[in-house]
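**Q** Can you keep this structure in mind? I'll have questions shortly.
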Amino acid sequence: MILPDPHEEWASVLIAADALVTDHGSAALYYCAAQDRPVVSVHRGGGELIPGSPMGVLLDRIPQLERAEDIADALRAYRPGSGHAAAEAAFAPPGHAVDRLRTEVYALLGHRPAQRQDQRTGTAPPFRHGTQGTFPLVVAVDEVHRLRR
């Protein structure tokens, strides 16, 4: 099992993962949008989720992991397609999520977004030598779920 630090490059770990254990973070929605592999929840409830929101829908449809010892059973209980509708709702319509989010946040603040040019045109930022976007990763999990490299 791999747990990237909060500011670590986690996207490559997420895409390479065979399964995901989530609390209520948006990484689970990205994972469901990218691939249909097992997702289980360790979220214990609380008032921070909006009922019917994409994350709320996802957590209602995936298995709940109560104890670490039960992870294999929870992963087997996952049903393919469980997260697809939630991910689709979170990222629909494709290509417009940022604009929609910006409009909603400004509305909640009682403001209107300033007019701006479409920033999706233009050139990509130049490649910086010495940066690493992916890294080789080889791990094995033994019977008691300890990480070995």
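Chains: A, B, ... in order of the structure tokens. Residues: from 1 per chain. Ligands: from 1, in order shown.
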Could you pull out the residues in range 5-112 of chain A that DSSP calls helix (DSSP H, G or I) from the backbone, as number ranges by chain?
**A** A: 11-16, 27-34, 54-61, 68-77, 84-90, 97-109
**Q** Name all residues at most 10 Å from Gln64 in chain A (count only C-alpha atoms; drop same-chain ones fewer than 5 positions away) and give them as a list in words.
**A**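 Using only C-alpha atoms, the neighbours found are Val21, Thr22, Asp23, Val39, Val40, Ser41, Val42, His43, Arg44, Leu59, Asp70, Ile71, Ala74, Leu75, Ala77 and Tyr78 of chain A.
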**Q** Could those residues be written to a file, using all heavy atoms, as a short mmCIF file (atom, residue, chain, number, x, y, z; two decimals), in the first residue's frame?
**A**
data_model
loop_
_atom_site.label_atom_id
_atom_site.label_comp_id
_atom_site.auth_asym_id
_atom_site.auth_seq_id
_atom_site.Cartn_x
_atom_site.Cartn_y
_atom_site.Cartn_z
N VAL A 21 -8.45 3.36 -1.53
CA VAL A 21 -9.15 3.52 -0.26
C VAL A 21 -9.25 5.03 -0.06
O VAL A 21 -8.24 5.73 -0.06
CB VAL A 21 -8.39 2.86 0.90
CG1 VAL A 21 -9.10 3.12 2.22
CG2 VAL A 21 -8.22 1.36 0.65
N THR A 22 -10.47 5.54 0.10
CA THR A 22 -10.68 6.98 0.16
C THR A 22 -11.44 7.39 1.42
O THR A 22 -12.15 6.59 2.01
CB THR A 22 -11.45 7.47 -1.08
OG1 THR A 22 -11.50 8.90 -1.08
CG2 THR A 22 -12.87 6.91 -1.12
N ASP A 23 -11.25 8.64 1.80
CA ASP A 23 -12.09 9.21 2.86
C ASP A 23 -13.25 9.91 2.16
O ASP A 23 -14.23 9.32 1.82
CB ASP A 23 -11.30 10.11 3.80
CG ASP A 23 -10.50 11.19 3.07
OD1 ASP A 23 -10.64 11.33 1.83
OD2 ASP A 23 -9.75 11.91 3.74
N VAL A 39 -12.94 0.79 -5.46
CA VAL A 39 -12.82 1.93 -4.55
C VAL A 39 -13.62 1.58 -3.30
O VAL A 39 -14.75 1.13 -3.39
CB VAL A 39 -13.41 3.22 -5.17
CG1 VAL A 39 -13.27 4.39 -4.21
CG2 VAL A 39 -12.77 3.53 -6.50
N VAL A 40 -12.99 1.74 -2.13
CA VAL A 40 -13.69 1.54 -0.87
C VAL A 40 -13.50 2.78 -0.01
O VAL A 40 -12.54 3.53 -0.17
CB VAL A 40 -13.22 0.27 -0.12
CG1 VAL A 40 -13.50 -0.97 -0.95
CG2 VAL A 40 -11.75 0.35 0.24
N SER A 41 -14.45 2.99 0.90
CA SER A 41 -14.47 4.20 1.71
C SER A 41 -14.14 3.93 3.17
O SER A 41 -14.56 2.92 3.72
CB SER A 41 -15.86 4.83 1.62
OG SER A 41 -15.99 5.87 2.56
N VAL A 42 -13.42 4.87 3.77
CA VAL A 42 -13.21 4.86 5.21
C VAL A 42 -13.87 6.08 5.84
O VAL A 42 -13.63 6.39 7.00
CB VAL A 42 -11.70 4.81 5.58
CG1 VAL A 42 -11.10 3.49 5.16
CG2 VAL A 42 -10.95 5.99 4.98
N HIS A 43 -14.73 6.77 5.08
CA HIS A 43 -15.42 7.95 5.57
C HIS A 43 -16.43 7.55 6.63
O HIS A 43 -17.18 6.60 6.46
CB HIS A 43 -16.13 8.64 4.39
CG HIS A 43 -16.82 9.91 4.78
ND1 HIS A 43 -18.19 9.98 4.91
CD2 HIS A 43 -16.35 11.13 5.09
CE1 HIS A 43 -18.52 11.21 5.27
NE2 HIS A 43 -17.42 11.92 5.39
N ARG A 44 -16.45 8.26 7.73
CA ARG A 44 -17.31 7.92 8.85
C ARG A 44 -18.51 8.86 8.99
O ARG A 44 -19.11 8.95 10.04
CB ARG A 44 -16.51 7.95 10.16
CG ARG A 44 -15.36 7.01 10.19
CD ARG A 44 -15.85 5.58 10.40
NE ARG A 44 -14.73 4.68 10.54
CZ ARG A 44 -14.42 3.75 9.68
NH1 ARG A 44 -15.14 3.57 8.60
NH2 ARG A 44 -13.39 2.95 9.88
N LEU A 59 -19.91 7.84 -2.27
CA LEU A 59 -19.74 7.18 -0.98
C LEU A 59 -20.94 6.30 -0.62
O LEU A 59 -20.80 5.32 0.10
CB LEU A 59 -19.48 8.21 0.12
CG LEU A 59 -18.14 8.93 0.00
CD1 LEU A 59 -18.01 10.01 1.07
CD2 LEU A 59 -16.97 7.96 0.06
N ASP A 70 -10.26 -6.07 7.20
CA ASP A 70 -11.33 -6.46 6.27
C ASP A 70 -11.15 -5.90 4.86
O ASP A 70 -12.08 -5.92 4.06
CB ASP A 70 -12.68 -5.99 6.82
CG ASP A 70 -13.01 -6.63 8.16
OD1 ASP A 70 -12.53 -7.75 8.42
OD2 ASP A 70 -13.74 -5.99 8.94
N ILE A 71 -9.96 -5.40 4.55
CA ILE A 71 -9.76 -4.73 3.26
C ILE A 71 -10.01 -5.66 2.07
O ILE A 71 -10.63 -5.26 1.09
CB ILE A 71 -8.38 -4.05 3.16
CG1 ILE A 71 -8.36 -3.13 1.93
CG2 ILE A 71 -7.26 -5.06 3.16
CD1 ILE A 71 -7.23 -2.16 1.89
N ALA A 74 -13.74 -5.97 1.57
CA ALA A 74 -14.31 -4.71 1.07
C ALA A 74 -13.99 -4.53 -0.41
O ALA A 74 -14.85 -4.11 -1.19
CB ALA A 74 -13.78 -3.53 1.88
N LEU A 75 -12.78 -4.86 -0.81
CA LEU A 75 -12.41 -4.73 -2.23
C LEU A 75 -13.21 -5.70 -3.09
O LEU A 75 -13.64 -5.37 -4.19
CB LEU A 75 -10.91 -4.94 -2.41
CG LEU A 75 -10.03 -3.83 -1.85
CD1 LEU A 75 -8.57 -4.24 -1.87
CD2 LEU A 75 -10.24 -2.53 -2.61
N ALA A 77 -16.17 -6.68 -2.46
CA ALA A 77 -17.57 -6.22 -2.46
C ALA A 77 -17.83 -5.10 -3.45
O ALA A 77 -18.98 -4.81 -3.78
CB ALA A 77 -17.96 -5.76 -1.05
N TYR A 78 -16.78 -4.48 -3.96
CA TYR A 78 -16.95 -3.40 -4.95
C TYR A 78 -17.62 -3.95 -6.20
O TYR A 78 -17.28 -5.03 -6.68
CB TYR A 78 -15.59 -2.78 -5.31
CG TYR A 78 -15.71 -1.75 -6.40
CD1 TYR A 78 -16.12 -0.46 -6.11
CD2 TYR A 78 -15.44 -2.07 -7.73
CE1 TYR A 78 -16.25 0.50 -7.10
CE2 TYR A 78 -15.57 -1.12 -8.73
CZ TYR A 78 -15.98 0.15 -8.41
OH TYR A 78 -16.12 1.09 -9.41
#
**Q** For Ala27 in chain A, list every protein, DNA or RNA residue within 9 Å, evaluated using only C-alpha atoms, and leave out those in the same chain fewer than 5 positions away; present the list as a VMD selection string.
**A** chain A and resid 11 14 22 32
**Q** Excluding Asp18 in chain A and any residue of its chain fewer than 5 positions from it, enumerate the residues within 10 Å of it, using only C-alpha atoms, and give them as a list in words.
**A** Val13, Gln35, Asp36, Arg37, Pro38 and Val39 of chain A
**Q** Neighbouring residues of Gly56 in chain A were defined as those with any atom within 12 Å, considering only C-alpha atoms; residues of the same chain fewer than 4 positions away were excluded. Please report them as an NGL selection string.
**A** :A and (23-26 or 28-29 or 41 or 43 or 45-52 or 60-62 or 83 or 85-87 or 89-90)
**Q** Could the residues in this selection be written to a file with C-alpha atoms, as a PDB file, in the first residue's frame?
**A**
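Dumped everything to again-v4.pdb:
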ATOM      1  CA  ASP A  23     -12.087   9.206   2.857  1.00  0.00           C
ATOM      2  CA  HIS A  24     -14.105  11.884   1.074  1.00  0.00           C
ATOM      3  CA  GLY A  25     -11.404  13.491  -1.038  1.00  0.00           C
ATOM      4  CA  SER A  26     -11.802  14.335  -4.685  1.00  0.00           C
ATOM      5  CA  ALA A  28     -11.741   9.134  -5.613  1.00  0.00           C
ATOM      6  CA  LEU A  29     -13.802  10.965  -8.232  1.00  0.00           C
ATOM      7  CA  SER A  41     -14.470   4.203   1.708  1.00  0.00           C
ATOM      8  CA  HIS A  43     -15.424   7.955   5.565  1.00  0.00           C
ATOM      9  CA  GLY A  45     -19.983  10.470   8.023  1.00  0.00           C
ATOM     10  CA  GLY A  46     -20.140  14.089   9.018  1.00  0.00           C
ATOM     11  CA  GLY A  47     -21.711  17.300   7.863  1.00  0.00           C
ATOM     12  CA  GLU A  48     -19.106  18.317   5.323  1.00  0.00           C
ATOM     13  CA  LEU A  49     -20.718  16.473   2.406  1.00  0.00           C
ATOM     14  CA  ILE A  50     -23.719  17.851   0.548  1.00  0.00           C
ATOM     15  CA  PRO A  51     -26.366  15.119   0.176  1.00  0.00           C
ATOM     16  CA  GLY A  52     -26.751  14.199  -3.483  1.00  0.00           C
ATOM     17  CA  ASP A  60     -23.306   5.811  -0.913  1.00  0.00           C
ATOM     18  CA  ARG A  61     -22.476   3.318  -3.689  1.00  0.00           C
ATOM     19  CA  ILE A  62     -19.075   1.939  -2.683  1.00  0.00           C
ATOM     20  CA  GLY A  83     -18.506   5.294  -9.277  1.00  0.00           C
ATOM     21  CA  ALA A  85     -22.300   8.131 -12.462  1.00  0.00           C
ATOM     22  CA  ALA A  86     -20.759  10.134  -9.615  1.00  0.00           C
ATOM     23  CA  ALA A  87     -17.614  10.882 -11.615  1.00  0.00           C
ATOM     24  CA  ALA A  89     -21.749  14.228 -12.638  1.00  0.00           C
ATOM     25  CA  ALA A  90     -18.630  15.794 -11.132  1.00  0.00           C
TER      26      ALA A  90
END
**Q** From the options A:Ala17, A:Ala72, A:Tyr30, A:Arg112, which residue's atoms come nearest to Pro4 in chain A, counting only C-alpha atoms?
**A**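 Of the candidates, the smallest distance to Pro4 in chain A is held by A:Ala17.
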**Q** Please report the interatomic distance between CA of Leu101 in chain A and CA of His84 in chain A in Å with one decimal.
**A**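 Between CA of Leu101 in chain A and CA of His84 in chain A the gap is 20.3 Å.
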**Q** Based on the backbone DSSP call, show me all residues of range 7-54 of chain A assigned strand (DSSP E or B), as an mmCIF file with N, CA and C atoms, in the first residue's frame.
**A**
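Contents of result.cif, freshly written:
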data_model
loop_
_atom_site.group_PDB
_atom_site.id
_atom_site.type_symbol
_atom_site.label_atom_id
_atom_site.label_comp_id
_atom_site.auth_asym_id
_atom_site.auth_seq_id
_atom_site.Cartn_x
_atom_site.Cartn_y
_atom_site.Cartn_z
ATOM 1 N N LEU A 20 -8.383 1.761 -4.651
ATOM 2 C CA LEU A 20 -8.248 3.013 -3.907
ATOM 3 C C LEU A 20 -9.064 2.939 -2.630
ATOM 4 N N VAL A 21 -8.452 3.359 -1.529
ATOM 5 C CA VAL A 21 -9.153 3.525 -0.261
ATOM 6 C C VAL A 21 -9.248 5.034 -0.059
ATOM 7 N N THR A 22 -10.470 5.544 0.104
ATOM 8 C CA THR A 22 -10.679 6.982 0.156
ATOM 9 C C THR A 22 -11.437 7.389 1.416
ATOM 10 N N VAL A 39 -12.940 0.789 -5.459
ATOM 11 C CA VAL A 39 -12.823 1.929 -4.553
ATOM 12 C C VAL A 39 -13.616 1.575 -3.295
ATOM 13 N N VAL A 40 -12.992 1.744 -2.133
ATOM 14 C CA VAL A 40 -13.688 1.542 -0.867
ATOM 15 C C VAL A 40 -13.504 2.785 -0.010
ATOM 16 N N SER A 41 -14.451 2.988 0.903
ATOM 17 C CA SER A 41 -14.470 4.203 1.708
ATOM 18 C C SER A 41 -14.143 3.929 3.165
#
